[in-house]
file structure_10.tsv (TSV, C-alpha atoms)
chain	number	residue	atom	x	y	z
A	1	MET	CA	92.37	71.61	141.17
A	2	SER	CA	95.81	70.72	139.80
A	3	GLU	CA	96.33	67.56	137.76
A	4	ASP	CA	97.68	64.53	139.59
A	5	ARG	CA	101.03	63.65	138.00
A	6	THR	CA	102.09	60.85	140.33
A	7	HIS	CA	101.63	58.43	137.41
A	8	GLN	CA	104.71	60.03	135.87
A	9	LEU	CA	106.78	58.90	138.85
A	10	GLU	CA	105.35	55.41	138.54
A	11	GLN	CA	106.11	55.31	134.82
A	12	LEU	CA	109.69	56.54	135.31
A	13	ARG	CA	110.21	53.90	137.98
A	14	ALA	CA	108.77	51.18	135.75
A	15	LEU	CA	111.11	52.22	132.92
A	16	ASP	CA	114.08	52.27	135.30
A	17	LEU	CA	114.50	56.01	134.65
A	18	LEU	CA	114.05	57.28	138.20
A	19	PRO	CA	117.20	57.69	140.31
A	20	GLU	CA	117.04	56.25	143.81
A	21	SER	CA	118.17	59.59	145.22
A	22	TRP	CA	115.48	61.68	143.48
A	23	VAL	CA	114.13	64.62	145.46
A	24	CYS	CA	111.89	66.38	142.94
A	25	VAL	CA	110.29	65.53	139.60
A	26	PHE	CA	108.30	68.12	137.71
A	27	GLU	CA	106.81	68.60	134.28
A	28	ALA	CA	107.40	71.85	132.42
A	29	GLY	CA	106.97	73.14	128.91
A	30	SER	CA	104.04	73.86	126.63
A	31	LEU	CA	101.74	71.10	127.85
A	32	VAL	CA	101.79	72.38	131.41
A	33	ARG	CA	100.92	75.88	130.24
A	34	GLY	CA	98.08	74.70	128.03
A	35	TRP	CA	99.94	75.60	124.85
A	36	GLY	CA	100.61	72.09	123.62
A	37	ASN	CA	99.49	70.38	120.44
A	38	ALA	CA	99.44	66.87	118.99
A	39	SER	CA	103.20	66.89	118.38
A	40	SER	CA	104.23	68.30	121.78
A	41	ASP	CA	106.63	66.41	124.04
A	42	VAL	CA	106.32	65.81	127.75
A	43	ASP	CA	109.21	67.75	129.29
A	44	LEU	CA	110.30	66.31	132.62
A	45	TYR	CA	112.92	67.55	135.06
A	46	VAL	CA	114.26	64.91	137.45
A	47	ILE	CA	116.29	66.33	140.32
A	48	SER	CA	118.36	63.98	142.46
A	49	GLU	CA	121.06	64.12	145.10
A	50	GLU	CA	123.45	62.05	142.98
A	51	PRO	CA	124.08	62.37	139.22
A	52	TRP	CA	122.09	60.13	136.90
A	53	THR	CA	124.03	57.11	135.68
A	54	GLY	CA	121.82	55.85	132.85
A	55	LYS	CA	123.86	54.33	130.05
A	56	GLY	CA	121.69	55.83	127.29
A	57	ALA	CA	121.92	59.38	128.58
A	58	SER	CA	122.82	62.29	126.31
A	59	ARG	CA	125.19	64.92	127.72
A	60	HIS	CA	124.50	68.67	127.77
A	61	PRO	CA	127.33	70.91	129.03
A	62	VAL	CA	126.58	73.47	131.76
A	63	PRO	CA	128.95	75.82	133.67
A	64	LEU	CA	128.26	74.00	136.94
A	65	VAL	CA	129.51	71.13	139.05
A	66	PRO	CA	128.90	68.51	137.72
A	67	SER	CA	129.52	70.11	134.32
A	68	VAL	CA	126.80	68.27	132.40
A	69	VAL	CA	123.04	67.83	132.52
A	70	LEU	CA	122.07	64.36	131.37
A	71	GLY	CA	119.09	63.52	129.21
A	72	GLU	CA	116.97	60.53	128.31
A	73	GLU	CA	114.25	60.15	125.69
A	74	THR	CA	111.49	57.57	125.70
A	75	PHE	CA	107.96	57.05	124.45
A	76	VAL	CA	104.98	56.50	126.72
A	77	ASP	CA	101.62	55.77	125.08
A	78	ALA	CA	103.03	57.04	121.75
A	79	MET	CA	104.03	60.35	123.34
A	80	ARG	CA	107.67	61.38	123.48
A	81	TRP	CA	109.08	62.09	126.94
A	82	ASP	CA	112.10	64.38	127.05
A	83	ILE	CA	113.74	63.90	130.45
A	84	ARG	CA	116.49	66.11	131.88
A	85	TYR	CA	118.45	65.01	134.94
A	86	TRP	CA	119.81	67.71	137.25
A	87	THR	CA	121.38	67.30	140.64
A	88	ARG	CA	120.10	69.23	143.61
A	89	GLY	CA	123.51	70.86	143.85
A	90	GLN	CA	123.31	72.09	140.27
A	91	VAL	CA	119.91	73.69	140.86
A	92	GLU	CA	121.18	75.43	143.97
A	93	GLN	CA	124.29	76.66	142.11
A	94	VAL	CA	122.07	78.26	139.45
A	95	LEU	CA	119.93	79.93	142.10
A	96	ALA	CA	123.09	81.25	143.78
A	97	LYS	CA	124.07	82.95	140.50
A	98	VAL	CA	120.93	85.12	140.50
A	99	THR	CA	120.83	86.47	144.03
A	100	TRP	CA	120.57	90.23	144.40
A	101	GLN	CA	124.07	90.23	145.86
A	102	ALA	CA	125.36	88.51	142.72
A	103	PHE	CA	123.50	91.07	140.57
A	104	GLU	CA	124.98	94.02	142.45
A	105	GLN	CA	128.48	92.55	142.11
A	106	GLY	CA	128.08	91.95	138.37
A	107	ALA	CA	126.35	88.62	137.82
A	108	GLU	CA	127.90	86.23	135.31
A	109	GLU	CA	126.06	85.47	132.11
A	110	LEU	CA	123.68	82.54	132.40
A	111	ALA	CA	123.87	79.65	129.99
A	112	LEU	CA	120.80	78.73	127.94
A	113	ARG	CA	120.00	75.66	130.03
A	114	GLU	CA	120.27	77.69	133.24
A	115	VAL	CA	117.78	80.23	131.89
A	116	GLN	CA	115.45	77.40	130.86
A	117	LEU	CA	115.63	75.85	134.31
A	118	LEU	CA	114.82	79.10	136.13
A	119	ASP	CA	111.97	79.87	133.75
A	120	ARG	CA	110.53	76.39	134.15
A	121	LEU	CA	110.70	76.49	137.92
A	122	ALA	CA	108.10	79.25	137.69
A	123	PHE	CA	105.61	77.15	135.73
A	124	GLY	CA	106.53	73.56	136.58
A	125	ALA	CA	103.98	71.07	137.90
A	126	ALA	CA	105.32	68.57	140.42
A	127	ALA	CA	104.91	64.82	140.07
A	128	GLY	CA	106.84	64.46	143.32
A	129	GLY	CA	108.74	66.77	145.65
A	130	GLN	CA	106.19	69.60	145.57
A	131	GLU	CA	107.54	71.23	148.73
A	132	LEU	CA	111.05	71.49	147.30
A	133	LEU	CA	109.75	72.78	143.95
A	134	SER	CA	107.73	75.44	145.77
A	135	HIS	CA	110.81	76.44	147.77
A	136	TRP	CA	112.93	76.83	144.63
A	137	ARG	CA	110.11	78.71	142.90
A	138	VAL	CA	109.97	81.28	145.69
A	139	GLN	CA	113.75	81.65	145.59
A	140	ALA	CA	113.66	82.25	141.84
A	141	GLU	CA	110.77	84.71	142.08
A	142	GLU	CA	112.49	86.72	144.81
A	143	SER	CA	115.85	86.67	143.04
A	144	ALA	CA	117.38	89.09	140.54
A	145	PHE	CA	116.87	86.62	137.69
A	146	ARG	CA	114.39	88.78	135.80
A	147	SER	CA	116.61	91.84	136.10
A	148	ILE	CA	119.77	89.96	135.11
A	149	HIS	CA	118.11	88.37	132.10
A	150	ALA	CA	116.27	91.50	130.96
A	151	ALA	CA	119.40	93.67	131.26
A	152	ARG	CA	121.44	91.25	129.17
A	153	ILE	CA	118.84	91.12	126.40
A	154	LEU	CA	118.40	94.90	126.44
A	155	ASN	CA	122.12	95.27	125.80
A	156	MET	CA	121.79	93.07	122.74
A	157	ALA	CA	118.76	95.07	121.59
A	158	ASP	CA	120.68	98.34	121.96
A	159	SER	CA	123.52	96.93	119.88
A	160	ARG	CA	121.12	96.00	117.08
A	161	VAL	CA	119.48	99.44	117.21
A	162	GLU	CA	122.90	101.02	116.71
A	163	ASP	CA	123.59	98.61	113.85
A	164	ALA	CA	120.34	99.54	112.14
A	165	VAL	CA	120.99	103.27	112.49
A	166	GLY	CA	124.50	102.96	111.06
A	167	GLN	CA	123.42	100.72	108.21
A	168	LEU	CA	120.55	103.03	107.29
A	169	GLU	CA	122.85	106.05	107.26
A	170	ALA	CA	125.25	104.15	105.01
A	171	GLY	CA	122.48	103.27	102.57
A	172	ASP	CA	122.60	99.55	103.41
A	173	VAL	CA	118.83	99.38	103.74
A	174	ASP	CA	118.39	95.61	103.53
A	175	SER	CA	120.83	95.05	106.40
A	176	ALA	CA	119.11	97.83	108.37
A	177	VAL	CA	115.77	96.05	108.00
A	178	LEU	CA	117.25	92.84	109.40
A	179	SER	CA	118.99	94.65	112.26
A	180	ALA	CA	115.80	96.53	113.16
A	181	ARG	CA	113.87	93.26	113.19
A	182	ALA	CA	116.48	91.68	115.45
A	183	ALA	CA	116.40	94.75	117.72
A	184	PHE	CA	112.62	94.40	117.98
A	185	HIS	CA	112.82	90.73	118.94
A	186	TYR	CA	115.45	91.38	121.60
A	187	THR	CA	113.45	94.30	122.96
A	188	VAL	CA	110.27	92.26	123.20
A	189	ASP	CA	112.15	89.43	124.91
A	190	ALA	CA	113.63	91.88	127.44
A	191	LEU	CA	110.15	93.25	128.14
A	192	LEU	CA	108.82	89.72	128.61
A	193	ALA	CA	111.69	88.86	130.95
A	194	SER	CA	110.87	91.88	133.10
A	195	GLU	CA	107.28	90.59	133.27
A	196	GLY	CA	108.39	87.14	134.41
A	197	GLU	CA	108.25	85.42	131.00
A	198	CYS	CA	111.91	84.50	130.69
A	199	GLY	CA	111.81	81.51	128.38
A	200	PRO	CA	114.40	81.81	125.60
A	201	GLY	CA	113.70	81.48	121.91
A	202	GLU	CA	111.06	82.72	119.51
A	203	LYS	CA	108.85	79.63	119.46
A	204	TRP	CA	106.48	80.87	122.14
A	205	ARG	CA	107.14	84.63	121.95
A	206	ALA	CA	103.61	85.47	120.80
A	207	ARG	CA	101.98	83.23	123.43
A	208	ARG	CA	104.18	84.68	126.15
A	209	LEU	CA	103.24	88.21	125.15
A	210	ARG	CA	99.55	87.35	125.25
A	211	ALA	CA	100.04	85.85	128.71
A	212	ALA	CA	102.01	88.82	130.07
A	213	ALA	CA	99.87	91.49	128.35
A	214	PRO	CA	102.27	94.39	129.07
A	215	ALA	CA	100.61	97.80	128.76
A	216	VAL	CA	103.62	99.27	126.97
A	217	LEU	CA	103.19	96.90	124.01
A	218	PRO	CA	99.62	95.92	123.12
A	219	TYR	CA	99.43	92.62	121.30
A	220	ASP	CA	98.00	94.13	118.10
A	221	THR	CA	100.93	96.55	117.90
A	222	TYR	CA	103.38	93.72	118.47
A	223	TRP	CA	101.81	91.48	115.84
A	224	ALA	CA	101.70	94.22	113.21
A	225	LEU	CA	105.45	94.81	113.64
A	226	GLU	CA	106.25	91.10	113.99
A	227	THR	CA	104.58	90.38	110.65
A	228	MET	CA	106.14	93.51	109.08
A	229	ARG	CA	102.69	94.57	107.94
A	230	SER	CA	103.56	98.22	107.34
A	231	LEU	CA	106.85	97.62	105.50
A	232	ASP	CA	106.78	99.30	102.10
A	233	PRO	CA	109.54	97.78	99.92
A	234	ALA	CA	109.77	101.09	98.09
A	235	GLN	CA	110.30	103.04	101.31
A	236	PRO	CA	111.71	100.66	103.95
A	237	ALA	CA	113.30	103.47	105.97
A	238	ALA	CA	109.89	104.45	107.34
A	239	TRP	CA	109.36	100.95	108.77
A	240	ILE	CA	112.89	100.82	110.16
A	241	ASN	CA	112.44	104.12	111.98
A	242	GLU	CA	109.04	103.04	113.30
A	243	VAL	CA	110.51	99.85	114.73
A	244	LEU	CA	113.48	101.62	116.28
A	245	SER	CA	111.16	104.18	117.86
A	246	VAL	CA	109.08	101.41	119.41
A	247	CYS	CA	112.25	99.68	120.66
A	248	ARG	CA	113.50	102.85	122.32
A	249	GLY	CA	110.12	103.50	123.91
A	250	ILE	CA	109.90	99.99	125.36
A	251	ALA	CA	113.49	100.11	126.62
A	252	MET	CA	112.61	103.21	128.63
A	253	GLU	CA	109.81	101.28	130.35
A	254	VAL	CA	111.50	97.96	131.04
A	255	ASP	CA	111.89	97.54	134.79
A	256	ILE	CA	115.42	96.29	135.57
call {"tool": "encode", "arguments": {"input": "structure_10.tsv", "output": "structure tokens"}}
result
Amino acid sequence: MSEDRTHQLEQLRALDLLPESWVCVFEAGSLVRGWGNASSDVDLYVISEEPWTGKGASRHPVPLVPSVVLGEETFVDAMRWDIRYWTRGQVEQVLAKVTWQAFEQGAEELALREVQLLDRLAFGAAAGGQELLSHWRVQAEESAFRSIHAARILNMADSRVEDAVGQLEAGDVDSAVLSARAAFHYTVDALLASEGECGPGEKWRARRLRAAAPAVLPYDTYWALETMRSLDPAQPAAWINEVLSVCRGIAMEVDI
């Protein structure tokens, strides 16, 4: 049975942090997924018809209308709440960017906060507005978001593979090691995106891989390369070529 989060609505209202025109409030982030720890924040998304007008709000630019997402921070029972205010129109604009029609016509690159929103729709837990959250979740799941995001990251991985090859041929071994490592991270992130784990950043990469458990990259293989266990400082080229081979193999299997 899912946790009752209606107390979050009540707390936001008591703190005068809930817009009158709210339509959906959901918690996302590590705590919802069971990955949290003692220092984790409560990450809340508040979606309203009208933009938030709180005087203490921070401003985060987005390529949407309105062109900012507003934020508030507060503490509840000694726990930090990180609140992001989106309008319903902004959410629907982001979803419109990842339709299959948009993908076929050459979808525009998504901003970091747009990727975060779409990823968190998949795992969010509603405090209010469950029906609308479920509707948006289905839209996101049936969209081209995974393909758009995975394709973009694969392009970056391919660029780093080419960098590593060129640097190794030129004898710039240290740079080749760094480029190969970057290529590996991008490749893993593209694989995760194709599996529905689209959250950006390296913070939760290992947890996301455990959750997705893709057959093409067993966790033990990933962790050995992530921790550079087989890198011999006297013969780094062997490790570089191993990593690049794994990257190429995964890229062949990523479903775009």
call {"tool": "closest_residue", "arguments": {"input": "structure_10.tsv", "among": "A:Leu12, A:Ala164, A:Val188, A:Ile256", "to": "Glu104 of chain A", "atoms": "all atoms listed in the file"}}
result
A:Ile256
call {"tool": "closest_residue", "arguments": {"input": "structure_10.tsv", "among": "A:Glu108, A:Asp158, A:Asp41, A:Asp172", "to": "Pro63 of chain A", "atoms": "only C-alpha atoms"}}
result
A:Glu108
call {"tool": "residues_around", "arguments": {"input": "structure_10.tsv", "residues": "segment 226-238 of chain A", "least_positions_apart": "3", "cutoff": "10 Å", "atoms": "all atoms listed in the file", "output": "list in words"}}
result
Leu168, Glu169, Gly171, Val173, Asp174, Ala176, Val177, Arg181, Phe184, His185, Ala206, Asp220, Thr221, Tyr222, Trp223, Asn241, Glu242 and Val243 of chain A
call {"tool": "write_last_selection", "arguments": {"input": "structure_10.tsv", "atoms": "C-alpha atoms", "output": "compact mmCIF listing (two decimals), in the frame of the given file"}}
result
# COMPACT_ATOMS: atom_id res chain seq x y z
CA LEU A 168 120.55 103.03 107.29
CA GLU A 169 122.85 106.05 107.26
CA GLY A 171 122.48 103.27 102.57
CA VAL A 173 118.83 99.38 103.74
CA ASP A 174 118.39 95.61 103.53
CA ALA A 176 119.11 97.83 108.37
CA VAL A 177 115.77 96.05 108.00
CA ARG A 181 113.87 93.26 113.19
CA PHE A 184 112.62 94.40 117.98
CA HIS A 185 112.82 90.73 118.94
CA ALA A 206 103.61 85.47 120.80
CA ASP A 220 98.00 94.13 118.10
CA THR A 221 100.93 96.55 117.90
CA TYR A 222 103.38 93.72 118.47
CA TRP A 223 101.81 91.48 115.84
CA ASN A 241 112.44 104.12 111.98
CA GLU A 242 109.04 103.04 113.30
CA VAL A 243 110.51 99.85 114.73
call {"tool": "residues_around", "arguments": {"input": "structure_10.tsv", "residues": "Ala28 of chain A", "least_positions_apart": "4", "cutoff": "8 Å", "atoms": "all atoms listed in the file", "output": "number ranges by chain"}}
result
A: 32-33, 42-45, 120-121, 123-125
call {"tool": "atom_distance", "arguments": {"input": "structure_10.tsv", "atom1": "atom CA of Glu50 of chain A", "atom2": "atom CA of Trp86 of chain A"}}
result
8.8 Å
call {"tool": "closest_residue", "arguments": {"input": "structure_10.tsv", "among": "A:Met79, A:Ala150, A:Val69, A:Ala211", "to": "Leu110 of chain A", "atoms": "only C-alpha atoms"}}
result
A:Ala150
call {"tool": "build_atoms", "arguments": {"input": "structure_10.tsv", "residues": "segment 70-84 of chain A", "atoms": "N, CA and C atoms", "output": "PDB file, in the coordinates of the input"}}
result
ATOM      1  N   LEU A  70     122.286  65.575 132.149  1.00  0.00           N
ATOM      2  CA  LEU A  70     122.070  64.360 131.370  1.00  0.00           C
ATOM      3  C   LEU A  70     120.618  64.275 130.904  1.00  0.00           C
ATOM      4  N   GLY A  71     120.422  63.626 129.774  1.00  0.00           N
ATOM      5  CA  GLY A  71     119.090  63.520 129.210  1.00  0.00           C
ATOM      6  C   GLY A  71     118.754  62.122 128.747  1.00  0.00           C
ATOM      7  N   GLU A  72     117.485  61.793 128.832  1.00  0.00           N
ATOM      8  CA  GLU A  72     116.970  60.530 128.310  1.00  0.00           C
ATOM      9  C   GLU A  72     115.717  60.838 127.498  1.00  0.00           C
ATOM     10  N   GLU A  73     115.473  60.035 126.487  1.00  0.00           N
ATOM     11  CA  GLU A  73     114.250  60.150 125.690  1.00  0.00           C
ATOM     12  C   GLU A  73     113.572  58.795 125.638  1.00  0.00           C
ATOM     13  N   THR A  74     112.252  58.808 125.775  1.00  0.00           N
ATOM     14  CA  THR A  74     111.490  57.570 125.700  1.00  0.00           C
ATOM     15  C   THR A  74     110.100  57.889 125.207  1.00  0.00           C
ATOM     16  N   PHE A  75     109.337  56.866 124.883  1.00  0.00           N
ATOM     17  CA  PHE A  75     107.960  57.050 124.450  1.00  0.00           C
ATOM     18  C   PHE A  75     107.034  56.339 125.422  1.00  0.00           C
ATOM     19  N   VAL A  76     105.994  57.053 125.833  1.00  0.00           N
ATOM     20  CA  VAL A  76     104.980  56.500 126.720  1.00  0.00           C
ATOM     21  C   VAL A  76     103.629  56.735 126.063  1.00  0.00           C
ATOM     22  N   ASP A  77     102.920  55.658 125.759  1.00  0.00           N
ATOM     23  CA  ASP A  77     101.620  55.770 125.080  1.00  0.00           C
ATOM     24  C   ASP A  77     101.743  56.625 123.813  1.00  0.00           C
ATOM     25  N   ALA A  78     102.778  56.365 123.032  1.00  0.00           N
ATOM     26  CA  ALA A  78     103.030  57.040 121.750  1.00  0.00           C
ATOM     27  C   ALA A  78     103.389  58.511 121.898  1.00  0.00           C
ATOM     28  N   MET A  79     103.627  58.966 123.123  1.00  0.00           N
ATOM     29  CA  MET A  79     104.030  60.350 123.340  1.00  0.00           C
ATOM     30  C   MET A  79     105.493  60.393 123.784  1.00  0.00           C
ATOM     31  N   ARG A  80     106.248  61.273 123.169  1.00  0.00           N
ATOM     32  CA  ARG A  80     107.670  61.380 123.480  1.00  0.00           C
ATOM     33  C   ARG A  80     107.876  62.089 124.804  1.00  0.00           C
ATOM     34  N   TRP A  81     108.678  61.475 125.675  1.00  0.00           N
ATOM     35  CA  TRP A  81     109.080  62.090 126.940  1.00  0.00           C
ATOM     36  C   TRP A  81     110.535  62.530 126.826  1.00  0.00           C
ATOM     37  N   ASP A  82     110.759  63.805 127.057  1.00  0.00           N
ATOM     38  CA  ASP A  82     112.100  64.380 127.050  1.00  0.00           C
ATOM     39  C   ASP A  82     112.470  64.645 128.512  1.00  0.00           C
ATOM     40  N   ILE A  83     113.417  63.866 129.021  1.00  0.00           N
ATOM     41  CA  ILE A  83     113.740  63.900 130.450  1.00  0.00           C
ATOM     42  C   ILE A  83     115.122  64.516 130.658  1.00  0.00           C
ATOM     43  N   ARG A  84     115.220  65.474 131.556  1.00  0.00           N
ATOM     44  CA  ARG A  84     116.490  66.110 131.880  1.00  0.00           C
ATOM     45  C   ARG A  84     116.808  65.841 133.362  1.00  0.00           C
TER      46      ARG A  84
END
